[in-house]
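Input: a single structure, listed below in structure tokens.
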Amino acid sequence: MTPLPGIGVRKDFELAAGRRIGVITHRDGRTDLIVSKADDPDACAASVPLTTEEAAVLSNLLGAPQLVAQLEEEHRDLPGIRTKQLYIKEDSRFDGRPLGDTAMRTRTGVSIVAVMRAGQVYPSPKPDFLLTSGDLLVAVGTTDGLDASAKLLANG
């Protein structure tokens, strides 16, 4: 973490290739995704402004695969059990409604083991957990159950 006086804070890390990638969180709440130049890790090659929602989606995209991979590894010795990422889309009828309204476990046999939102993991969400568009649900179940869950979220 590097303080940027009058601007905000820079958080970045070095990639295996030597470039740096990170974010600048401005004092006014804005966020920029940054990538350093290949020949100068302190110089910025690209800066992409992100809305709060865009930053949350990017965070979910980057964080979810690791969580799903960990769960898949833990379930490796359990035949027939899979893990899948399910999204709450903007036009979902479950946007703004509690997880229990999906009746996911009853209707499909699938368990929601975590919800990722804006880079935060909410493990073992209860039925009253309010879903919102952009949420990524980490689901565990059979292949058929996971397929049915995806259809349930898409079609209600």
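Letters A, B, ... mark the chains of the structure tokens in the order given; residue numbers begin at 1 per chain; ligand numbers begin at 1, in order shown.
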
Selection near region 128-144 of chain A, 7 Å with only C-alpha atoms, sequence-local residues under 2 positions removed, as a PDB file with C-alpha atoms, in the first residue's frame:
```
ATOM      1  CA  VAL A  57     -18.009  -7.422 -10.434  1.00  0.00           C
ATOM      2  CA  ASN A  60     -16.088 -11.325  -7.824  1.00  0.00           C
ATOM      3  CA  VAL A  68     -14.660 -22.626  -6.208  1.00  0.00           C
ATOM      4  CA  GLY A  80     -21.163 -36.892  -7.863  1.00  0.00           C
ATOM      5  CA  ILE A  81     -20.600 -33.655  -5.911  1.00  0.00           C
ATOM      6  CA  ARG A  82     -19.682 -30.552  -7.887  1.00  0.00           C
ATOM      7  CA  THR A  83     -19.272 -26.850  -7.223  1.00  0.00           C
ATOM      8  CA  LYS A  84     -20.539 -24.109  -9.521  1.00  0.00           C
ATOM      9  CA  GLN A  85     -20.740 -20.330  -9.649  1.00  0.00           C
ATOM     10  CA  LEU A  86     -24.232 -18.914 -10.140  1.00  0.00           C
ATOM     11  CA  TYR A  87     -24.861 -15.219 -10.833  1.00  0.00           C
ATOM     12  CA  ILE A  88     -27.704 -12.952  -9.848  1.00  0.00           C
ATOM     13  CA  LYS A  89     -28.236 -10.908 -12.998  1.00  0.00           C
ATOM     14  CA  GLU A  90     -29.570  -7.365 -13.125  1.00  0.00           C
ATOM     15  CA  PHE A  94     -34.458 -12.551  -7.042  1.00  0.00           C
ATOM     16  CA  ASP A  95     -32.600  -9.201  -7.056  1.00  0.00           C
ATOM     17  CA  GLY A  96     -33.442  -7.585  -3.705  1.00  0.00           C
ATOM     18  CA  ARG A  97     -35.129 -10.712  -2.348  1.00  0.00           C
ATOM     19  CA  PRO A  98     -33.973 -13.132   0.364  1.00  0.00           C
ATOM     20  CA  LEU A  99     -32.084 -16.275  -0.598  1.00  0.00           C
ATOM     21  CA  GLY A 100     -34.903 -18.340   0.940  1.00  0.00           C
ATOM     22  CA  GLY A 109     -31.173 -30.213  -3.868  1.00  0.00           C
ATOM     23  CA  VAL A 110     -28.359 -27.662  -4.208  1.00  0.00           C
ATOM     24  CA  SER A 111     -26.814 -25.822  -1.264  1.00  0.00           C
ATOM     25  CA  ILE A 112     -25.527 -22.266  -1.470  1.00  0.00           C
ATOM     26  CA  VAL A 113     -22.325 -22.366   0.589  1.00  0.00           C
ATOM     27  CA  ALA A 114     -21.225 -18.759   0.062  1.00  0.00           C
ATOM     28  CA  VAL A 115     -22.123 -15.505  -1.640  1.00  0.00           C
ATOM     29  CA  MET A 116     -19.457 -13.201  -3.061  1.00  0.00           C
ATOM     30  CA  ARG A 117     -20.307  -9.519  -3.251  1.00  0.00           C
ATOM     31  CA  PRO A 125     -25.753 -17.448   4.011  1.00  0.00           C
ATOM     32  CA  LYS A 126     -29.019 -17.861   5.874  1.00  0.00           C
ATOM     33  CA  LEU A 146     -26.625 -27.364 -10.425  1.00  0.00           C
ATOM     34  CA  ASP A 147     -28.096 -27.185 -13.925  1.00  0.00           C
ATOM     35  CA  ALA A 148     -31.586 -26.868 -12.401  1.00  0.00           C
TER      36      ALA A 148
END
```

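Nearest-residue note for Val23 (chain A): choosing from A:Gln120, A:Asp40, A:Arg105, A:Pro49, the minimum distance belongs to A:Pro49, counting only C-alpha atoms.
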
Next on the checklist: Counting only C-alpha atoms, which residue out of A:Leu15, A:Leu50, A:Ala118, A:Cys44 sits closest to Gly29 (chain A)?
Outcome noted: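 Between A:Leu15, A:Leu50, A:Ala118, A:Cys44, the residue approaching Gly29 (chain A) most closely is A:Leu50.
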
Item to check | From A:Ser149, A:Ser92, A:Ser124, A:Thr25, residue lying nearest Met104 (chain A) [only C-alpha atoms] | outcome: A:Ser149

Checklist entry - Can you list, as a PyMOL selection string, every protein, DNA or RNA residue that comes within 7 Å of Ser47 (chain A) when you count only C-alpha atoms, leaving out same-chain residues fewer than 4 positions away? => result chain A and resi 32-35

Go ahead and save the residues from that selection, with N, CA, C and O atoms, as a PDB file, in the first residue's frame.
```pdb
ATOM      1  N   ASP A  32      -9.565   3.321  -9.682  1.00  0.00           N
ATOM      2  CA  ASP A  32      -8.937   3.102 -10.981  1.00  0.00           C
ATOM      3  C   ASP A  32      -8.156   1.802 -10.944  1.00  0.00           C
ATOM      4  O   ASP A  32      -7.409   1.539  -9.994  1.00  0.00           O
ATOM      5  N   LEU A  33      -8.336   0.973 -11.960  1.00  0.00           N
ATOM      6  CA  LEU A  33      -7.513  -0.212 -12.166  1.00  0.00           C
ATOM      7  C   LEU A  33      -6.284   0.259 -12.925  1.00  0.00           C
ATOM      8  O   LEU A  33      -6.412   0.975 -13.924  1.00  0.00           O
ATOM      9  N   ILE A  34      -5.074  -0.113 -12.468  1.00  0.00           N
ATOM     10  CA  ILE A  34      -3.853   0.379 -13.108  1.00  0.00           C
ATOM     11  C   ILE A  34      -2.933  -0.784 -13.487  1.00  0.00           C
ATOM     12  O   ILE A  34      -2.925  -1.825 -12.837  1.00  0.00           O
ATOM     13  N   VAL A  35      -2.179  -0.565 -14.564  1.00  0.00           N
ATOM     14  CA  VAL A  35      -1.176  -1.523 -15.032  1.00  0.00           C
ATOM     15  C   VAL A  35       0.088  -0.732 -15.329  1.00  0.00           C
ATOM     16  O   VAL A  35       0.039   0.294 -16.018  1.00  0.00           O
TER      17      VAL A  35
END
```

Item to check | Between CA of Leu152 (chain A) and CA of Asp101 (chain A), distance in Å (one decimal) | outcome: 11.2 Å
